[in-house]
Amino acid sequence: MPFQKGNQEWKKRKTQSPGRPPRPVEEKYHKWLLARVTKDVWIKIVDVAISRAQAGDDRARRFLADWCLGKPVERKELSGPEGGPIETTGTTFDYSVLSDEQLDTLVDILRAAQSRESDGAPSAP
């Protein structure tokens with residue numbers, strides 16, 4: 001296994017992406033951007049976007065809507081076939097086949113598990 005922990009190849013491997021830039025680098029770029037995009041520059045950008053949006057540019061309309069109204073919240077609804085409930089498959093138990101002694105034992109086991117959780121002790125898997 002070439003990338004198993006402890007193997008030399010693990011340490012030599014380089015990632016494809018440098019990852020997220022450190023916070024100080026982002027702050028520098030943000031300061032540089034704000035220094036260049038003054039109020040007058042921003043007004044010109046917005047004016048161009050308004051002209052393009054009025055001419056039918058969908059991206060310009062989206063840009064203006066995002067800035068003026070905020071991006072819409074994405075909502076997802078989960079449902080089963082044809083909008084019905086989600087079908088779940090699981091084990092079902094028929095307690096009617098148990099004897100009174102077995103039911104009492106089961107109740108004792110469940111009470112013991114409940115008291116362990118309420119005492120702060122970890123529950124069994």
# chains A, B, ... in the order shown; residues from 1 in each chain; ligands from 1
$ residues_around --residues "Thr88 in chain A" --least-positions-apart "4" --cutoff "12 Å" --atoms "only C-alpha atoms" --output "PyMOL selection string"
chain A and resi 79-80+92
$ select_by_dssp --residues "range 12-118 of chain A" --states "alpha helix (DSSP H)" --output "PyMOL selection string"
chain A and resi 12+23-36+39-54+58-69+100-118
$ residues_around --residues "range 41-50 of chain A" --least-positions-apart "6" --cutoff "10 Å" --atoms "only C-alpha atoms" --output "MDAnalysis selection string"
chainID A and resid 56:57 59:64 67
$ atom_distance --atom1 "CA of Asp40 in chain A" --atom2 "CA of Leu69 in chain A"
21.7 Å
$ atom_distance --atom1 "CA of Leu103 in chain A" --atom2 "CA of Thr89 in chain A"
24.5 Å
$ atom_distance --atom1 "CA of Gly90 in chain A" --atom2 "CA of Asp108 in chain A"
23.8 Å
